[in-house]
$ cat query_13.cif   # mmCIF, C-alpha atoms
data_entry
#
loop_
_atom_site.label_atom_id
_atom_site.label_comp_id
_atom_site.auth_asym_id
_atom_site.auth_seq_id
_atom_site.Cartn_x
_atom_site.Cartn_y
_atom_site.Cartn_z
CA MET A 209 18.51 35.05 28.54
CA SER A 210 17.75 38.63 27.43
CA SER A 211 14.77 39.08 25.18
CA LYS A 212 17.11 40.28 22.44
CA MET A 213 19.03 36.97 22.54
CA GLN A 214 15.75 35.07 22.70
CA SER A 215 14.44 36.78 19.58
CA SER A 216 17.70 36.27 17.69
CA ASN A 217 17.54 32.59 18.66
CA ASN A 218 14.01 32.44 17.29
CA THR A 219 15.15 34.07 14.04
CA ALA A 220 18.09 31.68 13.72
CA HIS A 221 15.72 28.79 14.29
CA ALA A 222 13.25 30.11 11.71
CA ARG A 223 16.05 30.64 9.18
CA ARG A 224 17.21 27.04 9.65
CA ALA A 225 13.64 25.79 9.21
CA VAL A 226 13.28 27.72 5.92
CA GLN A 227 16.64 26.41 4.71
CA GLN A 228 15.54 22.86 5.47
CA LEU A 229 12.22 23.35 3.68
CA ARG A 230 14.07 24.68 0.62
CA ILE A 231 16.13 21.48 0.49
CA GLU A 232 13.03 19.31 0.84
CA ALA A 233 11.06 21.27 -1.75
CA SER A 234 13.76 20.79 -4.37
CA ILE A 235 13.84 16.98 -4.56
CA GLU A 236 12.62 14.94 -7.52
CA ARG A 237 9.55 12.79 -6.89
CA ILE A 238 8.34 9.76 -8.82
CA LYS A 239 4.72 8.83 -9.28
CA VAL A 240 3.02 6.77 -6.59
CA SER A 241 1.92 4.32 -9.30
CA LYS A 242 5.55 3.62 -10.21
CA ALA A 243 6.68 3.53 -6.56
CA SER A 244 3.91 1.05 -5.67
CA ALA A 245 4.61 -1.12 -8.70
CA ASP A 246 8.31 -1.27 -7.81
CA LEU A 247 7.56 -2.27 -4.20
CA MET A 248 5.16 -4.96 -5.39
CA HIS A 249 7.73 -6.23 -7.83
CA TYR A 250 10.34 -6.42 -5.07
CA CYS A 251 7.99 -8.41 -2.83
CA GLY A 252 7.09 -10.72 -5.65
CA GLU A 253 10.73 -11.43 -6.52
CA HIS A 254 11.69 -12.13 -2.90
CA ALA A 255 8.56 -13.92 -1.68
CA LYS A 256 9.83 -17.39 -2.53
CA TYR A 257 12.87 -16.83 -0.30
CA ASP A 258 10.84 -15.49 2.63
CA PRO A 259 10.63 -18.33 5.20
CA LEU A 260 7.85 -16.69 7.23
CA LEU A 261 5.70 -16.41 4.11
CA MET A 262 6.52 -19.81 2.61
CA GLY A 263 6.68 -21.88 5.78
CA ILE A 264 9.68 -23.75 7.16
CA PRO A 265 9.98 -27.55 7.00
CA ALA A 266 10.42 -28.98 10.50
CA SER A 267 13.81 -30.46 9.61
CA GLU A 268 15.15 -27.01 8.70
CA ASN A 269 13.63 -25.10 11.59
CA PRO A 270 16.44 -24.12 14.01
CA PHE A 271 13.96 -22.96 16.66
CA LYS A 272 11.78 -26.05 16.70
CA ASP A 273 12.44 -28.23 19.72
CA LYS A 274 13.75 -31.58 18.58
CA LYS A 275 11.81 -34.26 20.36
CA PRO A 276 13.72 -37.43 21.09
CA CYS A 277 12.52 -40.47 19.18
CA THR A 278 11.74 -43.61 21.06
CA ILE A 279 12.79 -46.72 19.22
CA LEU A 280 10.26 -49.41 20.00
CA MET B 148 7.49 43.24 7.77
CA GLY B 149 9.93 42.02 10.41
CA GLU B 150 12.33 39.24 9.53
CA MET B 151 10.28 36.67 11.49
CA ASP B 152 7.20 37.50 9.43
CA THR B 153 9.13 37.19 6.16
CA LEU B 154 10.56 33.87 7.25
CA LYS B 155 7.14 32.57 8.30
CA LYS B 156 5.67 33.57 4.94
CA GLU B 157 8.49 31.82 3.11
CA ALA B 158 8.12 28.69 5.27
CA ASP B 159 4.39 28.53 4.64
CA GLY B 160 4.98 28.99 0.92
CA LEU B 161 7.52 26.19 0.82
CA LYS B 162 5.24 23.82 2.77
CA ALA B 163 2.45 24.51 0.29
CA GLN B 164 4.89 23.90 -2.58
CA ILE B 165 5.91 20.54 -1.11
CA GLU B 166 2.30 19.53 -0.57
CA ALA B 167 1.44 20.43 -4.15
CA ALA B 168 4.43 18.52 -5.52
CA ARG B 169 3.43 15.43 -3.52
CA LYS B 170 -0.15 15.71 -4.73
CA ALA B 171 1.03 16.04 -8.32
CA VAL B 172 2.60 12.55 -8.24
CA ASN B 173 -0.19 11.01 -6.19
CA ASP B 174 -1.82 9.36 -9.20
CA THR B 175 -3.10 6.24 -7.42
CA THR B 176 -3.00 4.35 -4.13
CA MET B 177 -0.87 1.34 -3.23
CA ALA B 178 -4.10 -0.46 -2.30
CA ALA B 179 -5.40 0.01 -5.84
CA VAL B 180 -2.13 -1.13 -7.41
CA ALA B 181 -1.99 -4.18 -5.10
CA SER B 182 -5.59 -5.22 -5.63
CA GLY B 183 -4.49 -7.61 -8.35
CA VAL B 184 -1.89 -9.30 -6.19
CA ALA B 185 -2.72 -12.62 -4.58
CA ALA B 186 -3.49 -12.28 -0.89
CA ALA B 187 -0.69 -13.27 1.47
CA PRO B 188 -1.41 -16.66 3.01
CA ARG B 189 -3.14 -16.57 6.38
CA VAL B 190 -0.07 -16.54 8.58
CA GLN B 191 -0.13 -18.89 11.55
CA LEU B 192 3.10 -18.75 13.41
CA LYS B 193 3.76 -20.91 16.43
CA ASN B 194 5.63 -19.91 19.55
CA ARG B 195 8.71 -22.13 19.23
CA LYS B 196 10.73 -20.86 22.16
CA THR B 197 10.17 -18.72 25.23
CA LEU B 198 13.37 -17.19 26.61
CA LYS B 199 13.09 -16.80 30.36
CA GLY B 200 15.67 -15.04 32.47
CA HIS B 201 14.86 -11.36 32.80
CA LEU B 202 13.20 -10.31 36.06
CA ALA B 203 11.52 -7.11 34.90
CA LYS B 204 10.13 -5.37 31.80
CA ILE B 205 12.06 -5.96 28.60
CA TYR B 206 12.64 -2.74 26.68
CA GLY B 207 14.76 -3.81 23.74
CA LEU B 208 16.06 -6.70 21.69
CA HIS B 209 18.39 -6.97 18.70
CA TRP B 210 19.37 -10.01 16.65
CA SER B 211 22.99 -10.72 15.87
CA ALA B 212 24.01 -10.78 12.20
CA ASP B 213 24.74 -14.47 12.78
CA ASN B 214 20.95 -15.09 13.00
CA ARG B 215 21.44 -17.15 16.14
CA HIS B 216 22.44 -14.86 19.00
CA MET B 217 20.41 -12.00 20.36
CA VAL B 218 20.84 -9.26 22.95
CA SER B 219 17.94 -8.15 25.16
CA ALA B 220 17.71 -5.34 27.71
CA SER B 221 15.53 -5.17 30.78
CA GLN B 222 14.92 -2.73 33.59
CA ASP B 223 16.11 -5.48 35.92
CA GLY B 224 19.45 -3.85 35.09
CA LYS B 225 20.83 -6.55 32.80
CA LEU B 226 21.69 -7.15 29.20
CA LEU B 227 21.37 -10.82 28.32
CA ILE B 228 22.96 -12.40 25.26
CA TRP B 229 21.07 -15.51 24.17
CA ASP B 230 21.78 -18.49 21.96
CA THR B 231 18.28 -18.66 20.50
CA TYR B 232 18.74 -22.16 19.03
CA THR B 233 19.22 -23.68 22.50
CA GLY B 234 17.50 -21.01 24.58
CA ASN B 235 20.63 -20.66 26.73
CA LYS B 236 22.03 -17.42 28.09
CA VAL B 237 25.58 -16.91 26.89
CA TYR B 238 26.45 -13.67 28.72
CA ALA B 239 24.81 -11.56 31.39
CA ILE B 240 26.04 -7.96 31.53
CA PRO B 241 25.09 -5.91 34.57
CA LEU B 242 24.22 -2.30 33.74
CA LYS B 243 25.34 0.71 35.81
CA SER B 244 21.90 2.23 35.29
CA SER B 245 18.87 -0.06 35.25
CA TRP B 246 16.75 2.51 33.38
CA VAL B 247 17.63 1.04 30.03
CA MET B 248 15.49 1.83 26.96
CA SER B 249 17.36 0.12 24.16
CA CYS B 250 20.12 -2.25 23.17
CA SER B 251 21.92 -3.26 19.99
CA MET B 252 24.62 -5.59 18.76
CA ALA B 253 27.37 -4.79 16.27
CA PRO B 254 27.34 -6.74 12.99
CA SER B 255 30.62 -8.37 14.05
CA GLY B 256 29.01 -9.73 17.23
CA ASN B 257 31.90 -8.29 19.27
CA LEU B 258 30.14 -5.29 20.81
CA VAL B 259 26.79 -4.49 22.38
CA ALA B 260 25.42 -1.06 23.24
CA SER B 261 22.73 0.02 25.67
CA GLY B 262 21.38 3.20 27.16
CA GLY B 263 18.34 4.92 28.58
CA LEU B 264 17.46 7.48 31.21
CA ASP B 265 21.13 7.87 32.12
CA ASN B 266 21.46 9.85 28.82
CA MET B 267 24.48 7.71 27.96
CA CYS B 268 25.23 4.94 25.52
CA THR B 269 27.48 2.30 27.06
CA VAL B 270 29.39 0.07 24.64
CA VAL B 271 30.63 -3.27 25.94
CA ASN B 272 33.08 -5.70 24.34
CA ILE B 273 31.50 -9.11 24.93
CA LYS B 274 34.33 -11.05 23.33
CA ALA B 275 36.97 -9.85 25.81
CA ALA B 276 38.08 -12.34 28.49
CA SER B 277 35.14 -11.09 30.52
CA PRO B 278 32.67 -8.52 29.16
CA LYS B 279 34.39 -5.14 29.41
CA THR B 280 33.04 -1.62 29.01
CA LEU B 281 34.71 -0.13 25.96
CA ARG B 282 33.13 3.34 25.92
CA GLU B 283 30.61 5.46 27.76
CA LEU B 284 29.24 7.86 25.15
CA ASP B 285 28.17 10.85 27.14
CA ALA B 286 27.02 13.97 25.29
CA HIS B 287 23.32 13.66 24.72
CA GLU B 288 21.22 16.00 26.84
CA GLY B 289 18.28 13.67 27.00
CA TYR B 290 17.53 9.97 27.33
CA LEU B 291 18.93 7.46 24.89
CA SER B 292 16.00 5.87 23.06
CA HIS B 293 17.74 3.84 20.37
CA SER B 294 21.13 2.86 18.97
CA ARG B 295 22.48 0.95 15.97
CA PHE B 296 26.07 0.02 15.08
CA LEU B 297 27.37 0.69 11.58
CA SER B 298 30.55 -1.25 12.44
CA ASP B 299 32.82 -1.82 15.44
CA THR B 300 33.99 1.79 15.11
CA GLU B 301 30.78 3.73 14.42
CA LEU B 302 27.46 3.87 16.23
CA LEU B 303 24.25 5.87 15.64
CA THR B 304 22.11 6.99 18.58
CA ALA B 305 18.67 8.62 18.90
CA SER B 306 17.86 10.74 21.94
CA GLY B 307 15.13 12.47 23.88
CA ASP B 308 17.15 15.67 23.38
CA THR B 309 15.64 15.69 19.79
CA THR B 310 18.93 14.88 18.08
CA CYS B 311 20.55 11.79 16.63
CA CYS B 312 24.28 11.31 16.62
CA LEU B 313 27.04 9.36 14.89
CA TRP B 314 29.81 8.40 17.32
CA ASP B 315 33.41 7.44 16.67
CA LEU B 316 33.97 4.49 18.99
CA GLU B 317 37.75 4.75 18.76
CA THR B 318 37.73 8.21 20.34
CA GLY B 319 34.35 8.15 22.09
CA LYS B 320 33.50 11.48 20.47
CA GLN B 321 30.56 12.69 18.38
CA LYS B 322 31.34 12.72 14.65
CA VAL B 323 28.05 14.03 13.25
CA ILE B 324 24.99 15.50 14.98
CA TYR B 325 21.64 15.27 13.19
CA LYS B 326 19.46 18.21 14.17
CA SER B 327 16.03 18.96 12.80
CA HIS B 328 13.39 17.15 14.85
CA VAL B 329 11.41 19.29 17.28
CA GLY B 330 10.39 16.42 19.52
CA ASP B 331 12.15 13.54 21.32
CA CYS B 332 13.73 11.08 18.87
CA MET B 333 12.35 7.65 19.67
CA CYS B 334 13.74 5.29 17.05
CA LEU B 335 16.09 4.93 14.11
CA ALA B 336 16.80 2.45 11.30
CA VAL B 337 19.77 2.24 8.93
CA SER B 338 19.26 1.82 5.17
CA PRO B 339 20.44 -1.45 3.62
CA ASP B 340 23.20 0.43 1.75
CA GLN B 341 24.28 2.22 4.98
CA ASN B 342 24.36 5.64 3.30
CA THR B 343 21.25 6.97 5.03
CA PHE B 344 19.20 6.38 8.13
CA ILE B 345 15.66 7.23 9.15
CA SER B 346 14.48 8.53 12.53
CA GLY B 347 11.04 8.75 14.14
CA ALA B 348 10.17 11.30 16.81
CA CYS B 349 7.54 12.68 19.16
CA ASP B 350 6.98 15.53 16.71
CA SER B 351 5.02 12.93 14.64
CA THR B 352 7.49 13.05 11.76
CA ALA B 353 10.02 10.66 10.31
CA LYS B 354 13.20 12.10 8.79
CA LEU B 355 15.66 10.65 6.30
CA TRP B 356 19.29 11.66 6.93
CA ASP B 357 22.53 11.48 4.97
CA ILE B 358 24.77 9.63 7.43
CA ARG B 359 28.01 11.28 6.29
CA ASP B 360 27.04 14.95 5.85
CA GLY B 361 24.41 15.11 8.60
CA GLY B 362 21.80 16.71 6.34
CA CYS B 363 18.11 15.94 6.60
CA LYS B 364 17.04 14.97 3.08
CA GLN B 365 13.31 14.35 3.54
CA THR B 366 10.61 14.74 6.19
CA PHE B 367 7.53 12.48 6.27
CA ILE B 368 4.36 13.76 7.87
CA GLY B 369 0.92 12.27 8.47
CA HIS B 370 1.09 10.66 11.88
CA THR B 371 -0.81 12.46 14.60
CA SER B 372 1.25 11.29 17.55
CA ASP B 373 4.71 10.04 18.60
CA ILE B 374 6.44 7.67 16.19
CA ASN B 375 7.78 4.89 18.42
CA ALA B 376 9.09 2.45 15.83
CA ILE B 377 10.58 2.59 12.38
CA ALA B 378 12.01 0.10 9.88
CA PHE B 379 13.37 0.16 6.35
CA TYR B 380 11.66 -1.93 3.73
CA PRO B 381 14.29 -4.47 2.54
CA SER B 382 14.39 -2.76 -0.89
CA GLY B 383 15.66 0.37 0.83
CA THR B 384 13.08 2.46 -1.04
CA ALA B 385 10.38 2.68 1.62
CA VAL B 386 10.03 2.88 5.39
CA ILE B 387 7.39 1.65 7.81
CA THR B 388 6.54 3.68 10.91
CA GLY B 389 4.51 2.75 13.99
CA SER B 390 2.91 5.39 16.19
CA ASP B 391 1.00 6.15 19.38
CA ASP B 392 -1.82 7.18 17.02
CA CYS B 393 -2.46 3.40 16.72
CA THR B 394 -1.50 3.22 13.05
CA LEU B 395 1.44 2.18 10.93
CA LYS B 396 2.32 3.95 7.70
CA MET B 397 4.45 3.11 4.71
CA TYR B 398 6.30 6.07 3.22
CA ASP B 399 7.93 5.65 -0.17
CA LEU B 400 11.22 7.56 -0.32
CA ARG B 401 11.12 8.26 -4.06
CA ALA B 402 7.48 9.42 -4.10
CA ASP B 403 8.24 11.37 -0.91
CA GLN B 404 4.90 10.51 0.75
CA GLU B 405 2.71 8.03 2.51
CA VAL B 406 1.65 5.26 0.14
CA ASN B 407 -0.11 2.89 2.52
CA GLY B 408 -1.67 2.94 5.99
CA TYR B 409 -2.31 0.07 8.43
CA GLN B 410 -5.12 0.68 10.86
CA ASP B 411 -8.23 -0.90 12.23
CA ALA B 412 -11.13 0.96 13.83
CA ALA B 413 -11.17 -1.69 16.53
CA LEU B 414 -7.54 -1.11 17.40
CA ASN B 415 -7.01 1.62 19.93
CA ALA B 416 -3.60 0.70 21.21
CA GLY B 417 -0.39 2.48 20.29
CA VAL B 418 2.23 0.74 18.18
CA THR B 419 5.43 0.16 20.13
CA SER B 420 7.62 -1.79 17.74
CA VAL B 421 7.86 -2.92 14.13
CA SER B 422 9.82 -5.41 12.04
CA LEU B 423 9.48 -6.88 8.54
CA SER B 424 9.79 -10.35 7.08
CA SER B 425 12.69 -10.80 4.66
CA SER B 426 10.70 -10.04 1.48
CA GLY B 427 8.94 -7.10 3.13
CA ARG B 428 5.53 -8.62 2.49
CA LEU B 429 4.75 -9.12 6.20
CA ILE B 430 4.87 -6.39 8.85
CA PHE B 431 5.07 -7.49 12.46
CA ALA B 432 3.81 -4.75 14.77
CA GLY B 433 3.80 -4.84 18.56
CA TYR B 434 1.09 -2.91 20.37
CA ASP B 435 0.33 -1.65 23.88
CA ASN B 436 -2.55 -4.15 24.06
CA PHE B 437 -0.16 -7.11 24.59
CA ASN B 438 -0.49 -8.42 21.01
CA CYS B 439 1.54 -8.38 17.87
CA ASN B 440 -0.45 -7.96 14.65
CA ILE B 441 0.80 -9.24 11.32
CA TRP B 442 -0.05 -7.01 8.34
CA ASP B 443 0.18 -7.63 4.60
CA SER B 444 2.36 -4.64 3.65
CA LEU B 445 0.93 -4.38 0.12
CA LYS B 446 -2.80 -4.92 0.67
CA ALA B 447 -2.85 -3.33 4.16
CA GLU B 448 -4.87 -6.22 5.59
CA LYS B 449 -4.33 -7.96 8.90
CA VAL B 450 -3.24 -11.53 8.16
CA GLY B 451 -2.36 -12.87 11.56
CA VAL B 452 -1.71 -12.21 15.20
CA LEU B 453 0.90 -13.35 17.71
CA SER B 454 -0.71 -13.62 21.11
CA GLY B 455 0.87 -15.06 24.17
CA HIS B 456 2.37 -12.18 26.10
CA ASP B 457 0.79 -11.01 29.35
CA ASN B 458 1.85 -7.42 28.94
CA ARG B 459 2.83 -4.84 26.34
CA VAL B 460 5.00 -6.06 23.43
CA SER B 461 7.83 -3.52 23.61
CA CYS B 462 10.21 -4.78 20.94
CA ILE B 463 10.27 -7.04 17.89
CA GLY B 464 12.96 -8.29 15.57
CA VAL B 465 13.41 -10.55 12.58
CA PRO B 466 16.95 -11.94 11.98
CA ASP B 467 18.64 -11.29 8.64
CA ASP B 468 17.90 -14.81 7.39
CA GLY B 469 14.19 -14.24 8.02
CA LEU B 470 13.76 -17.59 9.77
CA GLY B 471 11.66 -16.32 12.64
CA VAL B 472 10.39 -13.32 14.55
CA CYS B 473 11.15 -12.54 18.19
CA THR B 474 8.88 -10.50 20.45
CA GLY B 475 9.99 -8.97 23.75
CA SER B 476 7.54 -7.86 26.39
CA TRP B 477 6.99 -6.05 29.66
CA ASP B 478 6.00 -9.50 30.95
CA SER B 479 9.81 -10.20 31.03
CA PHE B 480 9.76 -12.90 28.36
CA LEU B 481 11.05 -13.13 24.81
CA LYS B 482 9.19 -15.38 22.44
CA ILE B 483 10.39 -16.73 19.11
CA TRP B 484 7.79 -17.54 16.48
CA ASN B 485 7.81 -19.15 13.05
#

$ encode --input "query_13.cif" --output "structure tokens"
Amino acid sequence: MSSKMQSSNNTAHARRAVQQLRIEASIERIKVSKASADLMHYCGEHAKYDPLLMGIPASENPFKDKKPCTIL
Amino acid sequence: MGEMDTLKKEADGLKAQIEAARKAVNDTTMAAVASGVAAAPRVQLKNRKTLKGHLAKIYGLHWSADNRHMVSASQDGKLLIWDTYTGNKVYAIPLKSSWVMSCSMAPSGNLVASGGLDNMCTVVNIKAASPKTLRELDAHEGYLSHSRFLSDTELLTASGDTTCCLWDLETGKQKVIYKSHVGDCMCLAVSPDQNTFISGACDSTAKLWDIRDGGCKQTFIGHTSDINAIAFYPSGTAVITGSDDCTLKMYDLRADQEVNGYQDAALNAGVTSVSLSSSGRLIFAGYDNFNCNIWDSLKAEKVGVLSGHDNRVSCIGVPDDGLGVCTGSWDSFLKIWN
């Protein structure tokens, strides 16, 4: 590749990078306090339905090996 | 000033602007906000099943949307589809190239995809009379590190060529190419609403993309090494990343910055894989040191560990119903815990 093409590639790349940064600079941001509170609220609302957090009764555990019962 | 100098000045200015804007909303830490929350219970999960069948390192696993079947990929050159309730293998699909790095299953359960150092993503119909290759997606210029189906007709891939791609499975052609990373793309995760996806790369950044228009909407910085694993928080408003820098981070999409970090001075192993429990409270992270650590996502404390593998934990997954977590390892076994 000629050095002229190389430098125009570099410029094109730099232009794209600036364009991307312009997009990212323009977004709206909410406060971390609100973001954290919302995430906590979500966890709190869904915790009771989270089997790994609440535990799974043996009878409802599809992965637990069912041991045969011996009737004496 | 030459154009390059002008552009560099503008870029630097914009980066400073972004940093200032992030700082301006950084009014507290997640740790402070979560200090009032009750601690997550000490999590003691038991190994309920060990799936044996692969003969070499396992590189990927993905649960079916039916919460019961799972696909796993190994460098023994096979994809195995498991019935995890019985531990039985339902299908074994031989791969043309054994250098597989990832696998995924479509939500319908009809298709599986795999790929790796062959730079291709091979899509197989497992519900045909006998498993049949549907498509060989061949356009990436680097290895295939990750893939996820949106449906039976659309698939997202991440590649070592630094791009991600949306493929049309009916034509086998690329629909959208996502270009912005400057390092190998290692992982991707789709948002719950399927409008966006997030990618992690060896340039230490995670990027949020609009699936349809291909635009990069946000870039998350902070990691100091390759991001190997990424997952959406179930709310869709945050993402968790795992990196070779031995830490995990939570980035909130609306605050546009890191809001929590998960690290331990004693831990000096890279994170290979990450998955979340159904409420998002628990983060399961696989590490190079053969373990999987369980983190409280809000308080950033370690609340448990899954130990039992004899080699690196390379992949982790929690099914949609949240009833368990599966770890896959270089020791060739998959283990299911709950």

$ resolve_selection --input "query_13.cif" --expression "the PyMOL selection byres ((chain B and resi 210-219) around 7)" --output "PyMOL selection string"
chain B and resi 207-209+220-221+226-232+250-252+254+256+464+466-468

$ interface_residues --input "query_13.cif" --of "chain B" --to "chain A" --cutoff "8 Å" --atoms "all atoms listed in the file" --output "number ranges by chain"
B: 150-151, 154-155, 157-158, 161-162, 164-165, 168-169, 172-177, 180-181, 187-188, 190, 195-196, 231-233, 363-366, 382, 384, 399, 401-403, 406, 424-429, 445, 469-471, 483, 485

$ closest_residue --input "query_13.cif" --among "B:Cys473, B:Ile463, B:Met397, B:Ala432" --to "Ala178 in chain B" --atoms "all atoms listed in the file"
B:Met397

$ closest_residue --input "query_13.cif" --among "B:Thr304, B:Asn407, B:Asn194, B:Asn342" --to "Gln321 in chain B" --atoms "all atoms listed in the file"
B:Thr304

$ atom_distance --input "query_13.cif" --atom1 "CA of Thr419 in chain B" --atom2 "CA of Glu405 in chain B"
19.5 Å

$ residues_around --input "query_13.cif" --residues "Asp285 in chain B" --least-positions-apart "2" --cutoff "8 Å" --atoms "all atoms listed in the file" --output "VMD selection string"
chain B and resid 266 to 268 283 287

$ residues_around --input "query_13.cif" --residues "range 388-396 of chain B" --least-positions-apart "2" --cutoff "6 Å" --atoms "all atoms listed in the file" --output "PyMOL selection string"
chain B and resi 371-377+407-410+415-418

$ residues_around --input "query_13.cif" --residues "Ile205 in chain B" --least-positions-apart "2" --cutoff "10 Å" --atoms "all atoms listed in the file" --output "list of chain:residue names"
B:His201, B:Leu202, B:Ala203, B:Gly207, B:Leu208, B:Ser219, B:Ala220, B:Ser221, B:Gln222, B:Asp223, B:Lys225, B:Leu226, B:Val247, B:Met248, B:Ser249, B:Arg459, B:Val460, B:Ser461, B:Cys462, B:Thr474, B:Gly475, B:Ser476, B:Trp477, B:Asp478, B:Ser479, B:Phe480, B:Leu481

$ atom_distance --input "query_13.cif" --atom1 "CA of Tyr434 in chain B" --atom2 "CA of Ala260 in chain B"
24.6 Å

$ atom_distance --input "query_13.cif" --atom1 "CA of Val259 in chain B" --atom2 "CA of Lys320 in chain B"
17.4 Å

$ residues_around --input "query_13.cif" --residues "Glu317 in chain B" --least-positions-apart "6" --cutoff "12 Å" --atoms "all atoms listed in the file" --output "list in words"
Val270, Leu281, Arg282, Glu283, Leu284, Ser298, Asp299, Thr300, Glu301 and Leu302 of chain B

$ decode --input "query_13.cif" --residues "range 194-200 of chain B" --atoms "all heavy atoms" --output "PDB file, in the first residue's frame"
ATOM      1  N   ASN B 194     -23.470 -30.086  43.595  1.00  0.00           N
ATOM      2  CA  ASN B 194     -23.301 -30.634  42.256  1.00  0.00           C
ATOM      3  C   ASN B 194     -24.327 -31.750  42.090  1.00  0.00           C
ATOM      4  O   ASN B 194     -24.191 -32.820  42.679  1.00  0.00           O
ATOM      5  CB  ASN B 194     -21.875 -31.178  42.106  1.00  0.00           C
ATOM      6  CG  ASN B 194     -21.643 -31.842  40.763  1.00  0.00           C
ATOM      7  OD1 ASN B 194     -22.479 -31.776  39.867  1.00  0.00           O
ATOM      8  ND2 ASN B 194     -20.511 -32.495  40.626  1.00  0.00           N
ATOM      9  N   ARG B 195     -25.372 -31.510  41.305  1.00  0.00           N
ATOM     10  CA  ARG B 195     -26.451 -32.497  41.181  1.00  0.00           C
ATOM     11  C   ARG B 195     -26.186 -33.504  40.089  1.00  0.00           C
ATOM     12  O   ARG B 195     -26.645 -34.626  40.154  1.00  0.00           O
ATOM     13  CB  ARG B 195     -27.774 -31.779  40.865  1.00  0.00           C
ATOM     14  CG  ARG B 195     -28.184 -30.773  41.902  1.00  0.00           C
ATOM     15  CD  ARG B 195     -28.557 -31.411  43.194  1.00  0.00           C
ATOM     16  NE  ARG B 195     -28.910 -30.425  44.197  1.00  0.00           N
ATOM     17  CZ  ARG B 195     -29.185 -30.720  45.451  1.00  0.00           C
ATOM     18  NH1 ARG B 195     -29.135 -31.973  45.860  1.00  0.00           N
ATOM     19  NH2 ARG B 195     -29.498 -29.759  46.306  1.00  0.00           N
ATOM     20  N   LYS B 196     -25.514 -33.040  39.036  1.00  0.00           N
ATOM     21  CA  LYS B 196     -25.259 -33.942  37.899  1.00  0.00           C
ATOM     22  C   LYS B 196     -23.897 -33.605  37.326  1.00  0.00           C
ATOM     23  O   LYS B 196     -23.513 -32.437  37.274  1.00  0.00           O
ATOM     24  CB  LYS B 196     -26.291 -33.702  36.786  1.00  0.00           C
ATOM     25  CG  LYS B 196     -27.673 -34.244  37.068  1.00  0.00           C
ATOM     26  CD  LYS B 196     -28.194 -35.077  35.919  1.00  0.00           C
ATOM     27  CE  LYS B 196     -29.236 -36.098  36.233  1.00  0.00           C
ATOM     28  NZ  LYS B 196     -30.163 -35.815  37.288  1.00  0.00           N
ATOM     29  N   THR B 197     -23.197 -34.646  36.875  1.00  0.00           N
ATOM     30  CA  THR B 197     -21.981 -34.441  36.085  1.00  0.00           C
ATOM     31  C   THR B 197     -22.211 -35.093  34.745  1.00  0.00           C
ATOM     32  O   THR B 197     -22.537 -36.288  34.681  1.00  0.00           O
ATOM     33  CB  THR B 197     -20.753 -35.059  36.786  1.00  0.00           C
ATOM     34  OG1 THR B 197     -20.556 -34.397  38.029  1.00  0.00           O
ATOM     35  CG2 THR B 197     -19.498 -34.872  35.940  1.00  0.00           C
ATOM     36  N   LEU B 198     -22.128 -34.313  33.673  1.00  0.00           N
ATOM     37  CA  LEU B 198     -22.382 -34.833  32.327  1.00  0.00           C
ATOM     38  C   LEU B 198     -21.049 -35.243  31.725  1.00  0.00           C
ATOM     39  O   LEU B 198     -20.177 -34.409  31.491  1.00  0.00           O
ATOM     40  CB  LEU B 198     -23.064 -33.758  31.469  1.00  0.00           C
ATOM     41  CG  LEU B 198     -24.362 -33.183  32.064  1.00  0.00           C
ATOM     42  CD1 LEU B 198     -24.914 -32.084  31.155  1.00  0.00           C
ATOM     43  CD2 LEU B 198     -25.405 -34.258  32.272  1.00  0.00           C
ATOM     44  N   LYS B 199     -20.920 -36.543  31.501  1.00  0.00           N
ATOM     45  CA  LYS B 199     -19.661 -37.078  30.971  1.00  0.00           C
ATOM     46  C   LYS B 199     -19.883 -37.550  29.550  1.00  0.00           C
ATOM     47  O   LYS B 199     -20.881 -38.221  29.269  1.00  0.00           O
ATOM     48  CB  LYS B 199     -19.202 -38.265  31.825  1.00  0.00           C
ATOM     49  CG  LYS B 199     -19.029 -37.895  33.271  1.00  0.00           C
ATOM     50  CD  LYS B 199     -18.520 -39.056  34.110  1.00  0.00           C
ATOM     51  CE  LYS B 199     -18.568 -38.615  35.579  1.00  0.00           C
ATOM     52  NZ  LYS B 199     -18.024 -39.573  36.504  1.00  0.00           N
ATOM     53  N   GLY B 200     -18.947 -37.252  28.689  1.00  0.00           N
ATOM     54  CA  GLY B 200     -19.108 -37.710  27.302  1.00  0.00           C
ATOM     55  C   GLY B 200     -18.094 -37.071  26.388  1.00  0.00           C
ATOM     56  O   GLY B 200     -17.663 -37.676  25.410  1.00  0.00           O
TER      57      GLY B 200
END
